[in-house]
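Content type compact mmCIF, C-alpha atoms and all ligand atoms, from the file target17.txt:
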# COMPACT_ATOMS: atom_id res chain seq x y z
CA MET A 136 0.00 0.00 0.00
CA ILE A 137 1.24 3.46 -0.93
CA LYS A 138 1.75 5.97 1.89
CA ILE A 139 2.14 9.68 1.29
CA ALA A 140 4.58 11.56 3.53
CA PRO A 141 4.44 15.34 3.08
CA SER A 142 7.71 16.96 4.14
CA ILE A 143 7.12 19.89 6.47
CA LEU A 144 10.41 21.37 5.24
CA SER A 145 8.27 23.13 2.62
CA ALA A 146 5.58 24.17 5.13
CA ASP A 147 5.18 27.52 6.87
CA PHE A 148 7.24 27.03 10.06
CA ALA A 149 5.26 29.76 11.81
CA HIS A 150 2.13 27.58 11.57
CA LEU A 151 3.37 24.00 11.71
CA ALA A 152 0.39 22.49 13.52
CA ASP A 153 -2.02 23.94 10.93
CA GLU A 154 0.27 22.89 8.11
CA ILE A 155 0.23 19.29 9.39
CA LYS A 156 -3.56 19.35 9.69
CA ARG A 157 -3.87 20.60 6.11
CA VAL A 158 -2.03 17.59 4.69
CA THR A 159 -3.62 14.97 6.94
CA ASP A 160 -7.06 16.36 6.05
CA ALA A 161 -5.97 15.90 2.43
CA GLY A 162 -5.37 12.18 3.05
CA ALA A 163 -1.64 11.95 3.82
CA GLU A 164 -0.78 9.13 6.23
CA TYR A 165 2.70 10.19 7.34
CA ILE A 166 4.31 13.50 8.29
CA HIS A 167 7.92 13.60 7.15
CA ILE A 168 10.03 15.64 9.57
CA ASP A 169 13.44 16.65 8.25
CA VAL A 170 15.93 17.14 11.08
CA MET A 171 19.08 18.94 9.92
CA ASP A 172 21.99 19.74 12.21
CA GLY A 173 23.98 22.29 10.22
CA THR A 174 26.90 19.85 9.96
CA TYR A 175 25.77 16.76 8.12
CA VAL A 176 23.88 19.16 5.85
CA PRO A 177 24.29 22.97 5.86
CA ASN A 178 20.88 23.96 7.23
CA ILE A 179 19.46 23.68 10.74
CA THR A 180 15.74 22.92 10.96
CA LEU A 181 14.23 21.67 14.21
CA GLY A 182 14.79 19.32 17.12
CA SER A 183 12.86 17.01 19.42
CA PRO A 184 11.19 19.79 21.51
CA VAL A 185 9.32 20.94 18.40
CA VAL A 186 8.25 17.37 17.60
CA LYS A 187 7.00 16.99 21.18
CA CYS A 188 4.72 20.02 20.78
CA LEU A 189 3.49 18.90 17.35
CA ARG A 190 2.73 15.41 18.70
CA LYS A 191 -0.05 16.90 20.86
CA THR A 192 -1.73 18.30 17.76
CA SER A 193 -1.74 15.30 15.40
CA LYS A 194 -2.30 11.53 15.31
CA ALA A 195 -0.46 11.10 11.98
CA VAL A 196 2.54 8.81 11.75
CA PHE A 197 5.60 10.97 12.49
CA ASP A 198 8.38 9.94 10.13
CA VAL A 199 11.58 11.54 11.42
CA HIS A 200 14.45 11.80 8.91
CA LEU A 201 17.67 12.53 10.78
CA MET A 202 20.15 14.34 8.57
CA THR A 203 22.60 14.61 11.46
CA GLU A 204 26.04 13.49 12.49
CA HIS A 205 26.05 11.15 15.50
CA PRO A 206 22.43 9.98 15.07
CA GLU A 207 22.85 7.75 18.14
CA THR A 208 22.70 10.87 20.35
CA GLN A 209 19.20 11.78 19.11
CA ILE A 210 17.20 8.54 19.26
CA GLU A 211 15.74 8.55 22.77
CA ALA A 212 14.83 12.26 22.61
CA PHE A 213 12.89 11.86 19.36
CA ALA A 214 11.25 8.63 20.55
CA GLU A 215 10.10 10.30 23.76
CA ALA A 216 8.90 13.31 21.75
CA GLY A 217 6.55 11.01 19.83
CA ALA A 218 8.35 9.88 16.68
CA ASP A 219 6.89 6.71 15.14
CA ILE A 220 9.65 6.03 12.62
CA ILE A 221 13.25 7.20 12.98
CA THR A 222 15.53 7.07 9.94
CA PHE A 223 19.25 7.86 10.04
CA HIS A 224 21.85 8.06 7.29
CA ALA A 225 24.13 5.06 6.83
CA GLU A 226 26.88 7.54 5.96
CA ALA A 227 26.55 9.24 9.36
CA ALA A 228 26.57 6.16 11.61
CA LYS A 229 29.72 4.40 12.75
CA HIS A 230 27.68 1.54 14.19
CA ALA A 231 24.59 1.38 12.02
CA HIS A 232 23.35 -1.93 13.34
CA ARG A 233 23.58 -0.71 16.91
CA VAL A 234 21.57 2.40 16.02
CA LEU A 235 18.85 0.15 14.56
CA GLN A 236 18.77 -1.79 17.84
CA GLN A 237 18.63 1.49 19.75
CA ILE A 238 15.65 2.76 17.71
CA HIS A 239 13.76 -0.50 18.25
CA ALA A 240 14.56 -0.49 21.97
CA ALA A 241 13.11 3.02 22.12
CA GLY A 242 9.84 1.65 20.68
CA CYS A 243 10.02 3.06 17.15
CA LYS A 244 10.27 1.67 13.67
CA ALA A 245 13.75 2.01 12.20
CA GLY A 246 14.90 3.19 8.81
CA VAL A 247 18.25 3.68 7.13
CA ALA A 248 18.78 6.34 4.45
CA LEU A 249 21.25 6.26 1.56
CA ASN A 250 22.45 9.33 -0.33
CA PRO A 251 22.42 9.14 -4.13
CA GLY A 252 26.17 8.46 -4.16
CA THR A 253 26.01 5.61 -1.64
CA PRO A 254 25.66 2.07 -2.99
CA LEU A 255 22.99 -0.40 -1.86
CA VAL A 256 25.63 -2.73 -0.48
CA MET A 257 25.71 -0.48 2.61
CA LEU A 258 22.32 -2.00 3.55
CA GLU A 259 23.21 -5.63 2.89
CA GLU A 260 23.81 -6.67 6.51
CA LEU A 261 21.05 -4.40 7.86
CA LEU A 262 18.01 -5.09 5.68
CA GLY A 263 16.68 -7.99 7.76
CA ASP A 264 16.50 -5.69 10.81
CA MET A 265 15.13 -2.60 9.07
CA ASP A 266 11.51 -1.47 8.79
CA MET A 267 12.24 1.04 6.05
CA ALA A 268 14.96 1.92 3.54
CA LEU A 269 15.05 5.56 2.48
CA ILE A 270 16.51 6.03 -0.98
CA MET A 271 17.38 9.70 -1.42
CA THR A 272 16.42 10.82 -4.91
CA VAL A 273 18.20 14.17 -4.43
CA ASN A 274 21.27 15.07 -2.39
CA PRO A 275 19.98 15.94 1.08
CA GLY A 276 19.78 19.43 2.51
CA PHE A 277 17.21 21.37 0.50
CA GLY A 278 13.66 21.10 -0.76
CA GLY A 279 12.70 21.77 -4.36
CA GLN A 280 15.60 19.99 -6.10
CA LYS A 281 15.43 17.94 -9.29
CA PHE A 282 14.77 14.20 -9.09
CA ILE A 283 17.84 12.07 -9.96
CA ALA A 284 16.52 9.52 -12.44
CA SER A 285 19.42 7.10 -12.07
CA MET A 286 18.02 6.24 -8.61
CA LEU A 287 15.19 4.26 -10.28
CA GLU A 288 17.50 1.33 -10.95
CA LYS A 289 18.66 1.39 -7.33
CA ILE A 290 15.04 1.28 -6.10
CA HIS A 291 14.26 -1.56 -8.49
CA ILE A 292 17.22 -3.68 -7.34
CA LEU A 293 16.40 -2.99 -3.69
CA TYR A 294 12.77 -4.00 -4.25
CA HIS A 295 13.84 -7.37 -5.64
CA THR A 296 16.40 -7.93 -2.89
CA ILE A 297 13.68 -7.38 -0.28
CA GLU A 298 11.23 -9.66 -2.14
CA ASP A 299 13.78 -12.42 -2.74
CA ASN A 300 14.75 -12.51 0.92
CA GLU A 301 11.15 -12.14 2.16
CA PHE A 302 12.12 -9.13 4.29
CA THR A 303 9.41 -6.78 5.54
CA CYS A 304 10.99 -3.47 4.68
CA ASP A 305 9.24 -0.48 3.14
CA ILE A 306 11.00 1.54 0.46
CA GLU A 307 10.71 5.30 0.96
CA VAL A 308 11.88 7.84 -1.59
CA ASP A 309 12.69 11.47 -0.83
CA GLY A 310 13.47 14.36 -3.14
CA GLY A 311 11.95 15.73 -6.32
CA ILE A 312 8.80 13.60 -6.02
CA ASN A 313 5.83 15.02 -7.95
CA PRO A 314 2.94 13.38 -9.86
CA GLU A 315 5.27 12.46 -12.77
CA THR A 316 8.25 11.11 -10.82
CA SER A 317 5.96 9.39 -8.29
CA LYS A 318 4.69 7.11 -11.06
CA LEU A 319 8.26 6.10 -11.90
CA VAL A 320 9.28 5.36 -8.32
CA ARG A 321 6.08 3.42 -7.62
CA GLU A 322 6.72 1.28 -10.68
CA ALA A 323 10.29 0.70 -9.50
CA GLY A 324 8.97 -0.54 -6.13
CA ALA A 325 8.81 2.41 -3.71
CA ASN A 326 5.79 2.47 -1.40
CA VAL A 327 6.39 5.48 0.90
CA LEU A 328 6.57 8.72 -1.04
CA VAL A 329 7.93 11.90 0.52
CA ALA A 330 7.00 15.17 -1.16
CA GLY A 331 7.65 18.67 0.08
CA SER A 332 7.32 21.36 -2.54
CA ALA A 333 4.99 19.32 -4.79
CA ILE A 334 2.45 19.22 -1.95
CA TYR A 335 2.91 22.43 0.02
CA ASP A 336 3.36 24.64 -3.05
CA ALA A 337 0.37 23.10 -4.88
CA PRO A 338 -2.74 25.25 -5.38
CA ASP A 339 -4.91 22.29 -4.27
CA ILE A 340 -3.19 20.13 -1.64
CA ALA A 341 -5.76 17.30 -1.74
CA GLU A 342 -5.38 17.05 -5.50
CA ALA A 343 -1.58 16.97 -5.17
CA VAL A 344 -1.75 14.14 -2.60
CA ARG A 345 -4.11 12.17 -4.88
CA ALA A 346 -1.93 12.74 -7.94
CA ILE A 347 1.25 11.64 -6.14
CA ARG A 348 -0.52 8.53 -4.81
CA GLY A 349 -1.51 7.77 -8.42
CA ASP A 350 -3.86 4.93 -9.23
CA GLY A 351 -2.70 2.96 -6.18
CA THR A 352 -0.77 0.40 -8.21
CA GLY A 353 2.79 -0.37 -7.34
CA HIS A 354 5.73 -2.29 -8.75
CA HIS A 355 5.47 -3.09 -12.48
CA CYS A 356 8.64 -4.88 -13.52
C1 LIG A 401 15.83 16.97 1.49
C2 LIG A 401 14.74 16.49 2.43
C3 LIG A 401 13.44 16.31 1.78
C4 LIG A 401 12.84 17.55 1.16
C5 LIG A 401 12.13 17.11 -0.09
O1 LIG A 401 17.03 16.99 2.14
O2 LIG A 401 15.11 15.27 3.01
O3 LIG A 401 12.51 15.64 2.63
O4 LIG A 401 11.93 18.21 1.98
O5 LIG A 401 11.66 18.23 -0.75
P1 LIG A 401 11.07 18.16 -2.24
O6 LIG A 401 9.93 17.17 -2.22
O7 LIG A 401 10.64 19.57 -2.51
O8 LIG A 401 12.20 17.68 -3.12
ZN ZN A 402 13.61 14.02 4.11

Now that the file is in, can you turn its structure into structure tokens?
Amino acid sequence: MIKIAPSILSADFAHLADEIKRVTDAGAEYIHIDVMDGTYVPNITLGSPVVKCLRKTSKAVFDVHLMTEHPETQIEAFAEAGADIITFHAEAAKHAHRVLQQIHAAGCKAGVALNPGTPLVMLEELLGDMDMALIMTVNPGFGGQKFIASMLEKIHILYHTIEDNEFTCDIEVDGGINPETSKLVREAGANVLVAGSAIYDAPDIAEAVRAIRGDGTGHHC
């Protein structure tokens, strides 16, 4: 089943609770929360105290994407703040498997993200213990960038690796997702679709969520 995860990076930060309500009213299942530390990526966005306040305003699944160095220092704070899924970058973790264990021990689902330049082999020993793989379809740090089409093959190979091994691991994509690119990533096997600018900048948010979800069909090849 396809899940839509609007990224609040493109929302109005002065009205985050309302901005979350707008997209959940439009049918989005997840809220994608981009945490940037100013080191792993240049910008700084928000931390666990903000998530804690937002948690009181929404029942949506909070999908926290840590774009931070030392992700192991953030897990318990985000779990206690009300995160449902915590995803960290494989490139940022010295002990990725331990961070997965830490996320599960904190009561959350665990994801691992890969930058466009990072090969799938980084996930090989982790996939059986992951709930979600996040394939970045832009280089992280900014909303509104262009989708990198060469990531489709990566998604496709990952989909088959998960199927062949009978793992239960969602495939999330993040960056440059709009109604056109969403069709391509769904056909390649992605089932959790992050979209920031294509949802929050749309004249009709409900229509944008519907268009990105597409006809509900998934993997084609
Ligand atoms: C990029 C973030 C994304 C970003 C996507 O570093 O991880 O979640 O908000 O924005 P769009 O959908 O506009 O590419
Ligand atoms: Zn993200």

Given 9 Å and all atoms listed in the file, residues near ligand ZN 402 (chain A) as number ranges by chain
A: 142, 144, 167-170, 198-202, 269, 271, 275-278, 308-310, 329-331

Which residues are close to Gly311 of chain A, i.e. within 8 Å by all atoms listed in the file, leaving aside same-chain residues fewer than 2 positions away? Reply as a PDB file with C-alpha atoms, keeping the file's coordinate frame.
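Below is the file selection36.pdb, written as the result:
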ATOM      1  CA  THR A 272      16.420  10.820  -4.910  1.00  0.00           C
ATOM      2  CA  VAL A 273      18.200  14.170  -4.430  1.00  0.00           C
ATOM      3  CA  GLY A 278      13.660  21.100  -0.760  1.00  0.00           C
ATOM      4  CA  GLY A 279      12.700  21.770  -4.360  1.00  0.00           C
ATOM      5  CA  GLN A 280      15.600  19.990  -6.100  1.00  0.00           C
ATOM      6  CA  LYS A 281      15.430  17.940  -9.290  1.00  0.00           C
ATOM      7  CA  PHE A 282      14.770  14.200  -9.090  1.00  0.00           C
ATOM      8  CA  ILE A 283      17.840  12.070  -9.960  1.00  0.00           C
ATOM      9  CA  ASP A 309      12.690  11.470  -0.830  1.00  0.00           C
ATOM     10  CA  ASN A 313       5.830  15.020  -7.950  1.00  0.00           C
ATOM     11  CA  THR A 316       8.250  11.110 -10.820  1.00  0.00           C
ATOM     12  CA  ALA A 330       7.000  15.170  -1.160  1.00  0.00           C
ATOM     13  CA  ALA A 333       4.990  19.320  -4.790  1.00  0.00           C
TER      14      ALA A 333
END

Starting from 4 Å padding per side, set up an axis-aligned box that covers all listed atoms of ligand LIG 401 (chain A) and hand over centre and edge lengths in Å, one decimal, as lines of an AutoDock Vina configuration file.
center_x = 13.5
center_y = 17.4
center_z = -0.1
size_x = 15.1
size_y = 12.3
size_z = 14.1

Please measure the separation of atom CA of Asp266 of chain A and atom CA of Ile238 of chain A, giving the value in Å to one decimal.
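So the two atoms, atom CA of Asp266 of chain A and atom CA of Ile238 of chain A, lie 10.7 Å apart.
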
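Here atom CA of Ala248 of chain A and atom CA of Lys194 of chain A stand 24.3 Å from one another.
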
I'd like the interatomic distance between atom CA of Cys188 of chain A and atom CA of Asp153 of chain A, to a tenth of an Å.
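Separation of atom CA of Cys188 of chain A and atom CA of Asp153 of chain A: 12.6 Å.
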
Polymer residues at most 12 Å from segment 207-216 of chain A, all atoms listed in the file, same-chain spacing of 6 or more positions, as a ChimeraX atom specification:
/A:168,170-172,181-191,197-201,222-225,227-246

Keeping only C-alpha atoms, write those residues as a PDB file, keeping the file's coordinate frame.
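Result written to selection10.pdb:
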ATOM      1  CA  ILE A 168      10.030  15.640   9.570  1.00  0.00           C
ATOM      2  CA  VAL A 170      15.930  17.140  11.080  1.00  0.00           C
ATOM      3  CA  MET A 171      19.080  18.940   9.920  1.00  0.00           C
ATOM      4  CA  ASP A 172      21.990  19.740  12.210  1.00  0.00           C
ATOM      5  CA  LEU A 181      14.230  21.670  14.210  1.00  0.00           C
ATOM      6  CA  GLY A 182      14.790  19.320  17.120  1.00  0.00           C
ATOM      7  CA  SER A 183      12.860  17.010  19.420  1.00  0.00           C
ATOM      8  CA  PRO A 184      11.190  19.790  21.510  1.00  0.00           C
ATOM      9  CA  VAL A 185       9.320  20.940  18.400  1.00  0.00           C
ATOM     10  CA  VAL A 186       8.250  17.370  17.600  1.00  0.00           C
ATOM     11  CA  LYS A 187       7.000  16.990  21.180  1.00  0.00           C
ATOM     12  CA  CYS A 188       4.720  20.020  20.780  1.00  0.00           C
ATOM     13  CA  LEU A 189       3.490  18.900  17.350  1.00  0.00           C
ATOM     14  CA  ARG A 190       2.730  15.410  18.700  1.00  0.00           C
ATOM     15  CA  LYS A 191      -0.050  16.900  20.860  1.00  0.00           C
ATOM     16  CA  PHE A 197       5.600  10.970  12.490  1.00  0.00           C
ATOM     17  CA  ASP A 198       8.380   9.940  10.130  1.00  0.00           C
ATOM     18  CA  VAL A 199      11.580  11.540  11.420  1.00  0.00           C
ATOM     19  CA  HIS A 200      14.450  11.800   8.910  1.00  0.00           C
ATOM     20  CA  LEU A 201      17.670  12.530  10.780  1.00  0.00           C
ATOM     21  CA  THR A 222      15.530   7.070   9.940  1.00  0.00           C
ATOM     22  CA  PHE A 223      19.250   7.860  10.040  1.00  0.00           C
ATOM     23  CA  HIS A 224      21.850   8.060   7.290  1.00  0.00           C
ATOM     24  CA  ALA A 225      24.130   5.060   6.830  1.00  0.00           C
ATOM     25  CA  ALA A 227      26.550   9.240   9.360  1.00  0.00           C
ATOM     26  CA  ALA A 228      26.570   6.160  11.610  1.00  0.00           C
ATOM     27  CA  LYS A 229      29.720   4.400  12.750  1.00  0.00           C
ATOM     28  CA  HIS A 230      27.680   1.540  14.190  1.00  0.00           C
ATOM     29  CA  ALA A 231      24.590   1.380  12.020  1.00  0.00           C
ATOM     30  CA  HIS A 232      23.350  -1.930  13.340  1.00  0.00           C
ATOM     31  CA  ARG A 233      23.580  -0.710  16.910  1.00  0.00           C
ATOM     32  CA  VAL A 234      21.570   2.400  16.020  1.00  0.00           C
ATOM     33  CA  LEU A 235      18.850   0.150  14.560  1.00  0.00           C
ATOM     34  CA  GLN A 236      18.770  -1.790  17.840  1.00  0.00           C
ATOM     35  CA  GLN A 237      18.630   1.490  19.750  1.00  0.00           C
ATOM     36  CA  ILE A 238      15.650   2.760  17.710  1.00  0.00           C
ATOM     37  CA  HIS A 239      13.760  -0.500  18.250  1.00  0.00           C
ATOM     38  CA  ALA A 240      14.560  -0.490  21.970  1.00  0.00           C
ATOM     39  CA  ALA A 241      13.110   3.020  22.120  1.00  0.00           C
ATOM     40  CA  GLY A 242       9.840   1.650  20.680  1.00  0.00           C
ATOM     41  CA  CYS A 243      10.020   3.060  17.150  1.00  0.00           C
ATOM     42  CA  LYS A 244      10.270   1.670  13.670  1.00  0.00           C
ATOM     43  CA  ALA A 245      13.750   2.010  12.200  1.00  0.00           C
ATOM     44  CA  GLY A 246      14.900   3.190   8.810  1.00  0.00           C
TER      45      GLY A 246
END

Which residue of A:Leu255, A:Ile297, A:Val176, A:Ala195 approaches Pro141 of chain A most closely, using only C-alpha atoms:
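Answer, going by the shortest atom-to-atom distance: A:Ala195.
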
Find the residues near Ala343 of chain A: any atom within 9 Å, counting all atoms listed in the file, skip ones fewer than 4 places away on the same chain, and give them as a PDB file with C-alpha atoms, in the coordinates of the input.
ATOM      1  CA  ALA A 161      -5.970  15.900   2.430  1.00  0.00           C
ATOM      2  CA  ASN A 313       5.830  15.020  -7.950  1.00  0.00           C
ATOM      3  CA  PRO A 314       2.940  13.380  -9.860  1.00  0.00           C
ATOM      4  CA  ALA A 333       4.990  19.320  -4.790  1.00  0.00           C
ATOM      5  CA  ILE A 334       2.450  19.220  -1.950  1.00  0.00           C
ATOM      6  CA  TYR A 335       2.910  22.430   0.020  1.00  0.00           C
ATOM      7  CA  ALA A 337       0.370  23.100  -4.880  1.00  0.00           C
ATOM      8  CA  PRO A 338      -2.740  25.250  -5.380  1.00  0.00           C
ATOM      9  CA  ASP A 339      -4.910  22.290  -4.270  1.00  0.00           C
ATOM     10  CA  ILE A 347       1.250  11.640  -6.140  1.00  0.00           C
ATOM     11  CA  ARG A 348      -0.520   8.530  -4.810  1.00  0.00           C
TER      12      ARG A 348
END

I'd like the neighbourhood of Asp160 of chain A as a list in words, where a residue qualifies if any of its atoms comes within 12 Å (using all atoms listed in the file), though same-chain residues fewer than 2 positions away should be ignored.
Pro141, Asp153, Glu154, Ile155, Lys156, Arg157, Val158, Gly162, Ala163, Glu164, Tyr165, Ile166, Ser193, Lys194, Ala195, Ile340, Ala341, Glu342 and Val344 of chain A

Rank nothing, just name the residue among A:Val327, A:Ser332, A:Asp219, A:Glu260 nearest to ligand LIG 401 (chain A), using only C-alpha atoms and all ligand atoms.
A:Ser332

With distances taken over all atoms listed in the file, the candidate from A:Asp299, A:Met257, A:Ala325, A:Met267 nearest Met286 of chain A is A:Ala325

So which one's closest to ligand LIG 401 (chain A), A:Asp350, A:Glu288, A:Glu298, A:Asp336? Using all atoms listed in the file, please.
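That would be A:Asp336, the residue with the smallest distance to ligand LIG 401 (chain A).
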
Between A:Asp264, A:Glu307, A:Glu301, A:Ile312, which one has atoms that come closest to Ile137 of chain A, using all atoms listed in the file?
A:Glu307

With distances taken over only C-alpha atoms and all ligand atoms, which residue among A:Leu328, A:Ala152, A:Ile220, A:Ala268 lies nearest ligand LIG 401 (chain A)?
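When distances to ligand LIG 401 (chain A) are compared using only C-alpha atoms and all ligand atoms, the smallest one comes from A:Leu328.
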